[in-house]
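**Q** The structure under discussion is supplied below as structure tokens; questions concerning it will follow.
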Protein chains: 4
Amino acid sequence: MRKTQSGDFAMLISDDRKPFFLHLETDGVLQTHQGILQHNDLIGVPWGSVIKSHLGASFYILEPALRDLLLYIKRRSQIVFPKDIGYIILRLSVGPGQKVIEAGTGSGALTTALAWMVGAQGKVFSYDRREDMQALALRNLQRVGLENRVEFRVGDIAKGFDEKEIDSIFLDLPNPQIYLPHVRAALSNGGTFGSILPTTNQVTDLLQALQNQDFTLIDVCEIYLRFYKPVPERLRPTDRMVAHTGYLIFARHIIPEPTPEARLVTES
Amino acid sequence: MRKTQSGDFAMLISDDRKPFFLHLETDGVLQTHQGILQHNDLIGVPWGSVIKSHLGASFYILEPALRDLLLYIKRRSQIVFPKDIGYIILRLSVGPGQKVIEAGTGSGALTTALAWMVGAQGKVFSYDRREDMQALALRNLQRVGLENRVEFRVGDIAKGFDEKEIDSIFLDLPNPQIYLPHVRAALSNGGTFGSILPTTNQVTDLLQALQNQDFTLIDVCEIYLRFYKPVPERLRPTDRMVAHTGYLIFARHIIPEPTPEARLVTES
Amino acid sequence: MRKTQSGDFAMLISDDRKPFFLHLETDGVLQTHQGILQHNDLIGVPWGSVIKSHLGASFYILEPALRDLLLYIKRRSQIVFPKDIGYIILRLSVGPGQKVIEAGTGSGALTTALAWMVGAQGKVFSYDRREDMQALALRNLQRVGLENRVEFRVGDIAKGFDEKEIDSIFLDLPNPQIYLPHVRAALSNGGTFGSILPTTNQVTDLLQALQNQDFTLIDVCEIYLRFYKPVPERLRPTDRMVAHTGYLIFARHIIPEPTPEARLVTES
Amino acid sequence: MRKTQSGDFAMLISDDRKPFFLHLETDGVLQTHQGILQHNDLIGVPWGSVIKSHLGASFYILEPALRDLLLYIKRRSQIVFPKDIGYIILRLSVGPGQKVIEAGTGSGALTTALAWMVGAQGKVFSYDRREDMQALALRNLQRVGLENRVEFRVGDIAKGFDEKEIDSIFLDLPNPQIYLPHVRAALSNGGTFGSILPTTNQVTDLLQALQNQDFTLIDVCEIYLRFYKPVPERLRPTDRMVAHTGYLIFARHIIPEPTPEARLVTES
């Protein structure tokens with residue numbers, strides 16, 4: 001039975017389902033709304049155990065699941081939501097050993113999920129113009145030990161990406177269409193491009209550019225996630241839900257068919 | 001620029017977006033509704049190229065994305081849909097190197113996605129009572145070269161799972177609640193359990209069992225996916241959509257707090 | 001051009017879209033978060049005019065639309081939402097001159113809409129066990145001048161309804177299935193029954209009873225309403241929405257086919 | 001107990017829930033997929049009765065509900081769906097005795113619902129450029145006896161509406177924004193305007209015009225309707241649903257605040 005160790009990153013869940021995140025440190029102390037917990041009582045116990053605060057309140061100690069890491073990331077910007085991240089990863093075919101570009105980094109939620117999925121052999125190249133955001137994202141990744149899988153690039157992607165033969169590229173920024181030439185240059189031929197955009201007007205702009213610039217299998221979609229109150233004898237959805245995070249757009253990059261003139265030149 | 005090779009598993013997309021899946025073989029022939037293609041014309045070309053059929057129709061040659069593999073799997077049962085698989089993977093925190101159990105195997109769509117995500121160092125243990133379904137799933141995995149990441153177990157999980165210390169377990173079968181003791185025995189302490197169920201009555205039954213059997217952070221939710229017609233100047237959702245695939249249930253396994261009596265025994 | 005008169009029930013809308021409801025009275029005064037308005041300035045002006053508060057803030061004076069009346073009803077209970085009321089009225093075929101039963105009255109939102117639709121020639125019979133709720137609903141109806149279209153019945157419908165040959169009946173209470181015999185007795189043969197229920201377990205219970213008690217064309221459905229931010233150049237859904245109000249159930253009452261024994265009796 | 005009479009418009013429902021609409025005529029005959037029914041057997045029976053075909057199949061005889069009339073209207077164009085009609089009627093505050101304009105008429109589904117709701121004292125003015133569509137809509141209204149409540153106007157509304165002081169106006173046509181000046185001229189001051197549009201681009205165009213042309217309380221929304229399979233012990237949504245019919249837009253017409261110059265003129 002796996003046990004907690006000093007240095008582990010842990011999540012404590014109170015009876016009212018409030019999460020607390022902490023690195024376990026000898027002699028450390030955690031203050032909560034339901035009393036104080038001594039780190040020493042949290043170290044060396046089986047994951048999943050019940051721990052009592054000095055007020056007698058019960059807490060479960062758990063390894064943060066990937067979704068916990070994403071939802072409770074320290075943030076200074078709107079993050080990509082887990083409901084969208086799951087589908088993005090699937091649509092980008094992200095997996096162990098892959099190389100992925102994202103821009104912008106933001107607070108690093110999608111960065112974290114991508115780093116999780118590419119594994120130690122993969123690499124995420126994360127671009128953002130704002131150095132402070134990347135510093136925040138780096139701290140978020142360090143907190144969960146994934147920082148070695150990410151290379152941060154500070155700067156404007158209007159100058160292009162440094163990488164070539166990238167498996168997939170995701171743009172979470174206002175005008176993705178103006179960067180499509182750089183996407184094509186960095187993306188492996190046939191690779192998948194994705195983006196998230198909040199407004200229909202932006203989707204229209206991106207679609208126009210995608211159709212004109214050698215992309216196929218263009219998809220636009222939305223993901224809705226509706227939770228239920230988990231009460232067996234009174235099963236019903238929650239009263240309110242997130243109505244909108246963003247439209248997701250995906251497309252495959254293809255190699256343009258040479259025009260008759262171009263064919264003549266290459267044949268000569 | 002990466003090029004196709006004999007033996008590659010490829011997807012051809014017609015102008016009207018119909019996909020064809022094939023292993024490229026020297027002298028092979030592909031019949032389509034828009035004419036015949038010679039495999040020899042498909043081998044040694046850059047991925048993403050346009051290929052013409054004998055009728056002059058255009059096809060793009062692409063590596064199947066993970067979603068393509070899932071949607072167009074050979075099936076003899078309802079598959080778990082990509083919209084749900086993306087979220088399941090995220091909620092189960094599936095990633096490189098992990099060990100995951102699923103039951104039942106079915107046609108192998110979720111199996112394929114899990115195998116994709118755990119990588120060469122991970123392992124998926126897939127249970128099903130029906131040998132014929134597992135044979136089908138095996139062929140689906142072989143088609144995409146992921147079969148070494150999966151161990152199939154034919155048999156009734158009412159006898160329990162063979163594995164211990166599994167990172168996460170997903171049950172896609174009618175009465176998951178009756179297998180929860182086996183889930184607890186096989187799941188790493190603190191690990192994540194998930195299930196998909198089509199009816200509200202089944203969700204009620206599972207919730208009752210989860211509450212009585214040492215699980216916490218119980219979530220019930222639904223994922224909706226709505227596609228848009230990707231026409232920039234007439235952007236609008238498609239006319240129809242999938243209204244329901246299943247309710248998703250997730251929970252973390254915890255270690256029961258010893259009752260006062262139990263505590264006495266362990267302390268003695 | 002129609003103008004406001006003393007005694008009219010009016011709605012004032014501030015620039016930030018906050019509504020105020022009032023009966024216009026000579027020398028009356030309205031206090032708002034954006035200054036004071038004199039009723040005398042609101043009387044004798046065209047509906048739709050702009051009126052200034054003493055602080056110079058602009059207000060539009062409008063007749064409350066039906067939806068305004070429903071949303072901003074004085075309430076001491078959960079009301080049926082306009083999104084559901086619109087569909088309920090359509091499914092119950094409510095129209096001028098009809099007789100409709102509802103139970104319970106609650107704060108009177110659905111009562112108001114039904115009274116609006118049946119007109120001066122129709123009648124709504126509204127049952128509730130709680131006299132205080134009916135007093136509140138009566139005040140809400142008086143406020144908009146619809147009270148003559150409603151007959152309130154205080155009491156438990158377990159004793160049955162006083163009316164016969166009713167066009168449609170709607171039950172908004174926890175266990176509608178136990179009142180179905182009374183529904184059948186009061187409903188015109190072939191008439192429409194409807195109900196709203198928050199949980200799936202309740203829907204299951206009602207469905208079982210409907211199937212056993214001479215109803216056909218049974219429908220269960222949910223209505224979702226998603227608003228958009230009405231900004232033309234940044235069109236997008238609002239961030240959050242109502243995820244659930246209730247499941248709507250509709251059925252037509254039919255006359256049971258006589259059993260062979262019953263047929264013998266009637267034929268003799 | 002109300003009984004069917006010769007001349008009544010009736011709906012027969014087969015066991016597999018297929019509806020048949022007919023006017024009962026002495027000696028008439030109805031052919032169905034489950035056998036033949038003689039009208040004489042359908043006349044003089046209580047509404048809601050079971051009638052047998054010559055093959056012994058059971059049919060219920062019911063008065064068509066309003067929704068039945070809308071769904072099964074004879075159509076040569078996309079109709080406004082009942083889910084949207086219910087909400088439109090509520091948002092337009094349609095009720096007994098009102099005067100309402102709609103354009104275009106189309107097959108007359110919304111026309112039918114409006115005529116139903118305004119009653120014998122109200123009036124619907126329905127505009128369409130196509131005389132053939134209005135002829136179809138007229139036949140649909142005659143079928144259900146509502147034709148006296150509708151005045152059809154053949155012609156282009158670019159020339160304006162013939163009416164003044166209309167309670168509400170609904171436009172179901174491609175470019176509603178170009179007719180807004182005519183809407184303002186015909187609509188009672190403070191009245192409600194509504195429209196339905198399939199694409200986001202059209203919504204953007206309409207919103208721009210509404211903001212520039214003296215409208216307030218502008219709302220954009222979508223209605224989703226999800227049905228459940230009404231099986232009590234296996235309660236679950238249907239597999240597929242309508243994903244999109246149109247965006248609904250509503251606004252209240254207001255009287256523009258006079259500019260300082262205009263004020264000088266009126267004061268002189």
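Letters for chains follow the order of the structure tokens (A, B, ...), residue numbers begin at 1 for each chain, and ligand numbers begin at 1 in the order shown.
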Within 8 Å of A:Leu42, counting only C-alpha atoms, which residues qualify if same-chain residues fewer than 5 places away don't, as a list in words?

**A**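 In the requested format, the answer is Thr4, Leu24, Ile51 and Ile61 of chain A.
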
**Q** For the residues in that selection, give me all heavy atoms as a PDB file, in the first residue's frame.

**A**
```
ATOM      1  N   THR A   4       2.437   8.129   1.812  1.00  0.00           N
ATOM      2  CA  THR A   4       2.929   9.489   1.582  1.00  0.00           C
ATOM      3  C   THR A   4       4.356   9.611   2.108  1.00  0.00           C
ATOM      4  O   THR A   4       4.738   8.937   3.074  1.00  0.00           O
ATOM      5  CB  THR A   4       2.057  10.502   2.326  1.00  0.00           C
ATOM      6  OG1 THR A   4       2.090  10.180   3.717  1.00  0.00           O
ATOM      7  CG2 THR A   4       0.613  10.448   1.845  1.00  0.00           C
ATOM      8  N   LEU A  24       4.323  18.057   1.298  1.00  0.00           N
ATOM      9  CA  LEU A  24       4.501  17.553   2.660  1.00  0.00           C
ATOM     10  C   LEU A  24       5.924  17.851   3.118  1.00  0.00           C
ATOM     11  O   LEU A  24       6.894  17.472   2.446  1.00  0.00           O
ATOM     12  CB  LEU A  24       4.225  16.052   2.701  1.00  0.00           C
ATOM     13  CG  LEU A  24       2.819  15.633   2.241  1.00  0.00           C
ATOM     14  CD1 LEU A  24       2.682  14.112   2.274  1.00  0.00           C
ATOM     15  CD2 LEU A  24       1.754  16.279   3.124  1.00  0.00           C
ATOM     16  N   ILE A  51      -7.438  11.761   7.867  1.00  0.00           N
ATOM     17  CA  ILE A  51      -6.616  12.457   8.857  1.00  0.00           C
ATOM     18  C   ILE A  51      -7.532  13.441   9.578  1.00  0.00           C
ATOM     19  O   ILE A  51      -8.400  14.049   8.960  1.00  0.00           O
ATOM     20  CB  ILE A  51      -5.479  13.249   8.177  1.00  0.00           C
ATOM     21  CG1 ILE A  51      -4.791  12.397   7.099  1.00  0.00           C
ATOM     22  CG2 ILE A  51      -4.498  13.769   9.212  1.00  0.00           C
ATOM     23  CD1 ILE A  51      -3.935  11.298   7.630  1.00  0.00           C
ATOM     24  N   ILE A  61      -6.499  12.340   2.432  1.00  0.00           N
ATOM     25  CA  ILE A  61      -5.261  12.732   1.764  1.00  0.00           C
ATOM     26  C   ILE A  61      -5.123  11.938   0.467  1.00  0.00           C
ATOM     27  O   ILE A  61      -5.157  10.706   0.471  1.00  0.00           O
ATOM     28  CB  ILE A  61      -4.029  12.558   2.685  1.00  0.00           C
ATOM     29  CG1 ILE A  61      -2.786  13.137   1.984  1.00  0.00           C
ATOM     30  CG2 ILE A  61      -3.810  11.109   3.110  1.00  0.00           C
ATOM     31  CD1 ILE A  61      -1.642  13.429   2.944  1.00  0.00           C
TER      32      ILE A  61
END
```

**Q** Extract the full set of strand (DSSP E) residues from stretch 81-199 of chain A according to DSSP on the backbone, and format it as JSON, numbers by chain.

**A** {"A": [99, 100, 101, 102, 103, 123, 124, 125, 126, 127, 128, 150, 151, 152, 153, 154, 166, 167, 168, 169, 170, 171, 187, 188, 189, 190, 191, 192, 193, 194, 195, 196, 197]}

**Q** If we count only C-alpha atoms, what is near B:His244 at a cut-off of 8 Å, once residues fewer than 3 positions away on the same chain are taken out, given as a PyMOL selection string?

**A** (chain B and resi 198+224) or (chain D and resi 236-240)

**Q** Counting only C-alpha atoms, what is within 10 Å of A:Pro19, bar same-chain residues fewer than 3 positions away, as a ChimeraX atom specification?

**A** /A:10-16,32,59-62,64,68,72

**Q** Extract, using only C-alpha atoms, all DNA, RNA and protein residues at most 12 Å from A:Ser126, discarding same-chain residues fewer than 2 positions from it, and format them as a PDB file with N, CA, C and O atoms, in the first residue's frame.

**A**
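Output below, filename around30.pdb:
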```pdb
ATOM      1  N   LYS A  99       6.009  15.726 -29.731  1.00  0.00           N
ATOM      2  CA  LYS A  99       6.414  17.124 -29.622  1.00  0.00           C
ATOM      3  C   LYS A  99       5.213  18.004 -29.984  1.00  0.00           C
ATOM      4  O   LYS A  99       4.625  17.842 -31.056  1.00  0.00           O
ATOM      5  N   VAL A 100       4.862  18.908 -29.075  1.00  0.00           N
ATOM      6  CA  VAL A 100       3.667  19.725 -29.234  1.00  0.00           C
ATOM      7  C   VAL A 100       4.029  21.187 -28.998  1.00  0.00           C
ATOM      8  O   VAL A 100       4.820  21.499 -28.108  1.00  0.00           O
ATOM      9  N   ILE A 101       3.441  22.077 -29.797  1.00  0.00           N
ATOM     10  CA  ILE A 101       3.593  23.522 -29.566  1.00  0.00           C
ATOM     11  C   ILE A 101       2.267  24.072 -29.065  1.00  0.00           C
ATOM     12  O   ILE A 101       1.206  23.705 -29.589  1.00  0.00           O
ATOM     13  N   GLU A 102       2.334  24.957 -28.064  1.00  0.00           N
ATOM     14  CA  GLU A 102       1.143  25.724 -27.699  1.00  0.00           C
ATOM     15  C   GLU A 102       1.525  27.197 -27.566  1.00  0.00           C
ATOM     16  O   GLU A 102       2.646  27.538 -27.195  1.00  0.00           O
ATOM     17  N   ALA A 103       0.532  28.045 -27.864  1.00  0.00           N
ATOM     18  CA  ALA A 103       0.712  29.488 -27.660  1.00  0.00           C
ATOM     19  C   ALA A 103      -0.675  30.075 -27.483  1.00  0.00           C
ATOM     20  O   ALA A 103      -1.601  29.703 -28.215  1.00  0.00           O
ATOM     21  N   GLY A 104      -0.967  30.989 -26.463  1.00  0.00           N
ATOM     22  CA  GLY A 104      -0.010  31.341 -25.484  1.00  0.00           C
ATOM     23  C   GLY A 104      -0.058  30.414 -24.284  1.00  0.00           C
ATOM     24  O   GLY A 104      -1.013  29.693 -24.030  1.00  0.00           O
ATOM     25  N   THR A 105       0.968  30.558 -23.484  1.00  0.00           N
ATOM     26  CA  THR A 105       1.120  29.725 -22.292  1.00  0.00           C
ATOM     27  C   THR A 105       0.027  30.002 -21.261  1.00  0.00           C
ATOM     28  O   THR A 105      -0.524  29.071 -20.676  1.00  0.00           O
ATOM     29  N   GLY A 106      -0.252  31.273 -21.053  1.00  0.00           N
ATOM     30  CA  GLY A 106      -1.210  31.640 -20.006  1.00  0.00           C
ATOM     31  C   GLY A 106      -0.731  31.148 -18.658  1.00  0.00           C
ATOM     32  O   GLY A 106       0.475  31.146 -18.381  1.00  0.00           O
ATOM     33  N   SER A 107      -1.664  30.708 -17.832  1.00  0.00           N
ATOM     34  CA  SER A 107      -1.290  30.233 -16.500  1.00  0.00           C
ATOM     35  C   SER A 107      -0.745  28.806 -16.523  1.00  0.00           C
ATOM     36  O   SER A 107      -0.267  28.314 -15.514  1.00  0.00           O
ATOM     37  N   GLY A 108      -0.851  28.158 -17.668  1.00  0.00           N
ATOM     38  CA  GLY A 108      -0.217  26.858 -17.803  1.00  0.00           C
ATOM     39  C   GLY A 108      -1.098  25.652 -17.570  1.00  0.00           C
ATOM     40  O   GLY A 108      -0.592  24.550 -17.340  1.00  0.00           O
ATOM     41  N   ALA A 109      -2.411  25.803 -17.657  1.00  0.00           N
ATOM     42  CA  ALA A 109      -3.287  24.641 -17.441  1.00  0.00           C
ATOM     43  C   ALA A 109      -3.139  23.648 -18.597  1.00  0.00           C
ATOM     44  O   ALA A 109      -2.829  22.472 -18.378  1.00  0.00           O
ATOM     45  N   LEU A 110      -3.337  24.119 -19.820  1.00  0.00           N
ATOM     46  CA  LEU A 110      -3.170  23.208 -20.950  1.00  0.00           C
ATOM     47  C   LEU A 110      -1.731  22.712 -21.022  1.00  0.00           C
ATOM     48  O   LEU A 110      -1.487  21.533 -21.310  1.00  0.00           O
ATOM     49  N   THR A 111      -0.768  23.592 -20.703  1.00  0.00           N
ATOM     50  CA  THR A 111       0.644  23.184 -20.666  1.00  0.00           C
ATOM     51  C   THR A 111       0.837  21.975 -19.749  1.00  0.00           C
ATOM     52  O   THR A 111       1.540  21.020 -20.100  1.00  0.00           O
ATOM     53  N   THR A 112       0.213  22.040 -18.590  1.00  0.00           N
ATOM     54  CA  THR A 112       0.327  20.946 -17.619  1.00  0.00           C
ATOM     55  C   THR A 112      -0.220  19.648 -18.195  1.00  0.00           C
ATOM     56  O   THR A 112       0.415  18.585 -18.089  1.00  0.00           O
ATOM     57  N   LEU A 114      -0.674  18.839 -21.367  1.00  0.00           N
ATOM     58  CA  LEU A 114       0.154  18.381 -22.480  1.00  0.00           C
ATOM     59  C   LEU A 114       1.434  17.730 -21.957  1.00  0.00           C
ATOM     60  O   LEU A 114       1.846  16.667 -22.438  1.00  0.00           O
ATOM     61  N   ALA A 115       2.046  18.356 -20.951  1.00  0.00           N
ATOM     62  CA  ALA A 115       3.282  17.806 -20.381  1.00  0.00           C
ATOM     63  C   ALA A 115       3.019  16.440 -19.765  1.00  0.00           C
ATOM     64  O   ALA A 115       3.811  15.504 -19.889  1.00  0.00           O
ATOM     65  N   LYS A 123       7.960  16.449 -25.549  1.00  0.00           N
ATOM     66  CA  LYS A 123       8.334  17.829 -25.240  1.00  0.00           C
ATOM     67  C   LYS A 123       7.216  18.775 -25.658  1.00  0.00           C
ATOM     68  O   LYS A 123       6.624  18.626 -26.731  1.00  0.00           O
ATOM     69  N   VAL A 124       6.937  19.722 -24.777  1.00  0.00           N
ATOM     70  CA  VAL A 124       5.976  20.783 -25.075  1.00  0.00           C
ATOM     71  C   VAL A 124       6.750  22.083 -25.248  1.00  0.00           C
ATOM     72  O   VAL A 124       7.541  22.453 -24.371  1.00  0.00           O
ATOM     73  N   ASP A 128       4.748  32.448 -25.184  1.00  0.00           N
ATOM     74  CA  ASP A 128       3.926  33.541 -24.677  1.00  0.00           C
ATOM     75  C   ASP A 128       4.746  34.823 -24.748  1.00  0.00           C
ATOM     76  O   ASP A 128       5.950  34.808 -24.521  1.00  0.00           O
ATOM     77  N   ARG A 129       4.057  35.911 -25.049  1.00  0.00           N
ATOM     78  CA  ARG A 129       4.766  37.192 -25.081  1.00  0.00           C
ATOM     79  C   ARG A 129       5.097  37.679 -23.682  1.00  0.00           C
ATOM     80  O   ARG A 129       6.017  38.453 -23.482  1.00  0.00           O
ATOM     81  N   ARG A 130       4.308  37.230 -22.720  1.00  0.00           N
ATOM     82  CA  ARG A 130       4.464  37.782 -21.359  1.00  0.00           C
ATOM     83  C   ARG A 130       5.352  36.885 -20.506  1.00  0.00           C
ATOM     84  O   ARG A 130       5.002  35.749 -20.189  1.00  0.00           O
ATOM     85  N   GLU A 131       6.492  37.426 -20.099  1.00  0.00           N
ATOM     86  CA  GLU A 131       7.446  36.682 -19.288  1.00  0.00           C
ATOM     87  C   GLU A 131       6.844  36.347 -17.918  1.00  0.00           C
ATOM     88  O   GLU A 131       7.116  35.283 -17.361  1.00  0.00           O
ATOM     89  N   MET A 133       3.743  35.657 -17.206  1.00  0.00           N
ATOM     90  CA  MET A 133       2.843  34.513 -17.298  1.00  0.00           C
ATOM     91  C   MET A 133       3.650  33.219 -17.366  1.00  0.00           C
ATOM     92  O   MET A 133       3.281  32.208 -16.758  1.00  0.00           O
ATOM     93  N   GLN A 134       4.730  33.241 -18.105  1.00  0.00           N
ATOM     94  CA  GLN A 134       5.535  32.019 -18.212  1.00  0.00           C
ATOM     95  C   GLN A 134       6.178  31.671 -16.873  1.00  0.00           C
ATOM     96  O   GLN A 134       6.324  30.493 -16.538  1.00  0.00           O
ATOM     97  N   ALA A 135       6.549  32.692 -16.114  1.00  0.00           N
ATOM     98  CA  ALA A 135       7.119  32.420 -14.785  1.00  0.00           C
ATOM     99  C   ALA A 135       6.073  31.742 -13.899  1.00  0.00           C
ATOM    100  O   ALA A 135       6.369  30.796 -13.164  1.00  0.00           O
ATOM    101  N   ALA A 137       3.469  29.952 -15.015  1.00  0.00           N
ATOM    102  CA  ALA A 137       3.257  28.602 -15.550  1.00  0.00           C
ATOM    103  C   ALA A 137       4.389  27.675 -15.120  1.00  0.00           C
ATOM    104  O   ALA A 137       4.167  26.509 -14.770  1.00  0.00           O
ATOM    105  N   LEU A 138       5.609  28.205 -15.124  1.00  0.00           N
ATOM    106  CA  LEU A 138       6.759  27.391 -14.703  1.00  0.00           C
ATOM    107  C   LEU A 138       6.584  26.952 -13.252  1.00  0.00           C
ATOM    108  O   LEU A 138       6.794  25.775 -12.918  1.00  0.00           O
ATOM    109  N   GLU A 147       8.148  20.195 -15.038  1.00  0.00           N
ATOM    110  CA  GLU A 147       8.790  21.325 -15.711  1.00  0.00           C
ATOM    111  C   GLU A 147       9.831  20.894 -16.741  1.00  0.00           C
ATOM    112  O   GLU A 147      10.095  21.623 -17.700  1.00  0.00           O
ATOM    113  N   ARG A 149       9.563  18.754 -18.975  1.00  0.00           N
ATOM    114  CA  ARG A 149       8.946  18.364 -20.246  1.00  0.00           C
ATOM    115  C   ARG A 149       8.549  19.580 -21.084  1.00  0.00           C
ATOM    116  O   ARG A 149       8.017  19.414 -22.177  1.00  0.00           O
ATOM    117  N   VAL A 150       8.772  20.763 -20.546  1.00  0.00           N
ATOM    118  CA  VAL A 150       8.325  21.984 -21.232  1.00  0.00           C
ATOM    119  C   VAL A 150       9.494  22.914 -21.504  1.00  0.00           C
ATOM    120  O   VAL A 150      10.332  23.133 -20.631  1.00  0.00           O
ATOM    121  N   GLU A 151       9.542  23.415 -22.734  1.00  0.00           N
ATOM    122  CA  GLU A 151      10.491  24.493 -23.036  1.00  0.00           C
ATOM    123  C   GLU A 151       9.692  25.758 -23.286  1.00  0.00           C
ATOM    124  O   GLU A 151       8.869  25.814 -24.207  1.00  0.00           O
ATOM    125  N   PHE A 152       9.950  26.758 -22.463  1.00  0.00           N
ATOM    126  CA  PHE A 152       9.233  28.024 -22.608  1.00  0.00           C
ATOM    127  C   PHE A 152       9.965  28.925 -23.588  1.00  0.00           C
ATOM    128  O   PHE A 152      11.197  28.995 -23.589  1.00  0.00           O
ATOM    129  N   ARG A 153       9.191  29.578 -24.417  1.00  0.00           N
ATOM    130  CA  ARG A 153       9.751  30.538 -25.379  1.00  0.00           C
ATOM    131  C   ARG A 153       9.038  31.861 -25.143  1.00  0.00           C
ATOM    132  O   ARG A 153       7.811  31.965 -25.367  1.00  0.00           O
ATOM    133  N   VAL A 154       9.771  32.851 -24.664  1.00  0.00           N
ATOM    134  CA  VAL A 154       9.178  34.170 -24.499  1.00  0.00           C
ATOM    135  C   VAL A 154       9.296  34.925 -25.805  1.00  0.00           C
ATOM    136  O   VAL A 154      10.384  34.996 -26.394  1.00  0.00           O
ATOM    137  N   GLY A 155       8.200  35.466 -26.284  1.00  0.00           N
ATOM    138  CA  GLY A 155       8.309  36.256 -27.506  1.00  0.00           C
ATOM    139  C   GLY A 155       7.066  36.190 -28.343  1.00  0.00           C
ATOM    140  O   GLY A 155       6.119  35.456 -28.045  1.00  0.00           O
ATOM    141  N   ASP A 156       7.059  36.961 -29.374  1.00  0.00           N
ATOM    142  CA  ASP A 156       5.917  37.084 -30.260  1.00  0.00           C
ATOM    143  C   ASP A 156       6.014  36.019 -31.350  1.00  0.00           C
ATOM    144  O   ASP A 156       7.017  35.928 -32.050  1.00  0.00           O
ATOM    145  N   ILE A 157       4.951  35.214 -31.473  1.00  0.00           N
ATOM    146  CA  ILE A 157       5.021  34.156 -32.485  1.00  0.00           C
ATOM    147  C   ILE A 157       4.817  34.724 -33.890  1.00  0.00           C
ATOM    148  O   ILE A 157       4.859  33.989 -34.868  1.00  0.00           O
ATOM    149  N   PHE A 161       7.796  30.047 -35.292  1.00  0.00           N
ATOM    150  CA  PHE A 161       8.213  29.110 -34.256  1.00  0.00           C
ATOM    151  C   PHE A 161       9.634  28.632 -34.548  1.00  0.00           C
ATOM    152  O   PHE A 161      10.040  28.564 -35.712  1.00  0.00           O
ATOM    153  N   ASP A 162      10.384  28.293 -33.501  1.00  0.00           N
ATOM    154  CA  ASP A 162      11.754  27.812 -33.680  1.00  0.00           C
ATOM    155  C   ASP A 162      11.798  26.363 -34.153  1.00  0.00           C
ATOM    156  O   ASP A 162      12.835  25.909 -34.650  1.00  0.00           O
ATOM    157  N   GLU A 163      10.690  25.612 -33.965  1.00  0.00           N
ATOM    158  CA  GLU A 163      10.713  24.167 -34.177  1.00  0.00           C
ATOM    159  C   GLU A 163      10.182  23.785 -35.560  1.00  0.00           C
ATOM    160  O   GLU A 163       9.461  24.552 -36.203  1.00  0.00           O
ATOM    161  N   ILE A 169      -0.120  21.456 -33.003  1.00  0.00           N
ATOM    162  CA  ILE A 169       0.034  22.843 -32.533  1.00  0.00           C
ATOM    163  C   ILE A 169      -1.328  23.357 -32.084  1.00  0.00           C
ATOM    164  O   ILE A 169      -2.319  23.195 -32.805  1.00  0.00           O
ATOM    165  N   PHE A 170      -1.353  23.977 -30.907  1.00  0.00           N
ATOM    166  CA  PHE A 170      -2.595  24.546 -30.395  1.00  0.00           C
ATOM    167  C   PHE A 170      -2.399  26.020 -30.066  1.00  0.00           C
ATOM    168  O   PHE A 170      -1.488  26.386 -29.333  1.00  0.00           O
ATOM    169  N   LEU A 171      -3.272  26.860 -30.618  1.00  0.00           N
ATOM    170  CA  LEU A 171      -3.192  28.303 -30.390  1.00  0.00           C
ATOM    171  C   LEU A 171      -4.378  28.770 -29.546  1.00  0.00           C
ATOM    172  O   LEU A 171      -5.527  28.599 -29.935  1.00  0.00           O
ATOM    173  N   ASP A 172      -4.060  29.342 -28.399  1.00  0.00           N
ATOM    174  CA  ASP A 172      -5.072  29.930 -27.518  1.00  0.00           C
ATOM    175  C   ASP A 172      -4.748  31.407 -27.392  1.00  0.00           C
ATOM    176  O   ASP A 172      -4.202  31.863 -26.389  1.00  0.00           O
TER     177      ASP A 172
END
```

**Q** For the contact check between chain C and chain B, emit one row per residue of chain C within 12 Å, containing the shortest atom pair and the distance in Å rounded to one decimal, counting only C-alpha atoms, chain then rising number order, as a Markdown table.

**A**
```
| residue | atom | partner | partner_atom | distance |
| --- | --- | --- | --- | --- |
| C:Thr199 | CA | B:Thr200 | CA | 9.9 |
| C:Thr200 | CA | B:Thr200 | CA | 6.6 |
| C:Asn201 | CA | B:Asn201 | CA | 7.7 |
| C:Gln202 | CA | B:Asn201 | CA | 11.1 |
| C:Val203 | CA | B:Thr200 | CA | 10.2 |
| C:Thr204 | CA | B:Asn201 | CA | 8.4 |
| C:Asp205 | CA | B:Asn201 | CA | 11.3 |
| C:Cys221 | CA | B:Ala243 | CA | 11.7 |
| C:Glu222 | CA | B:Ala243 | CA | 11.5 |
| C:Leu235 | CA | B:Leu235 | CA | 11.7 |
| C:Ala243 | CA | B:Glu222 | CA | 11.5 |
```
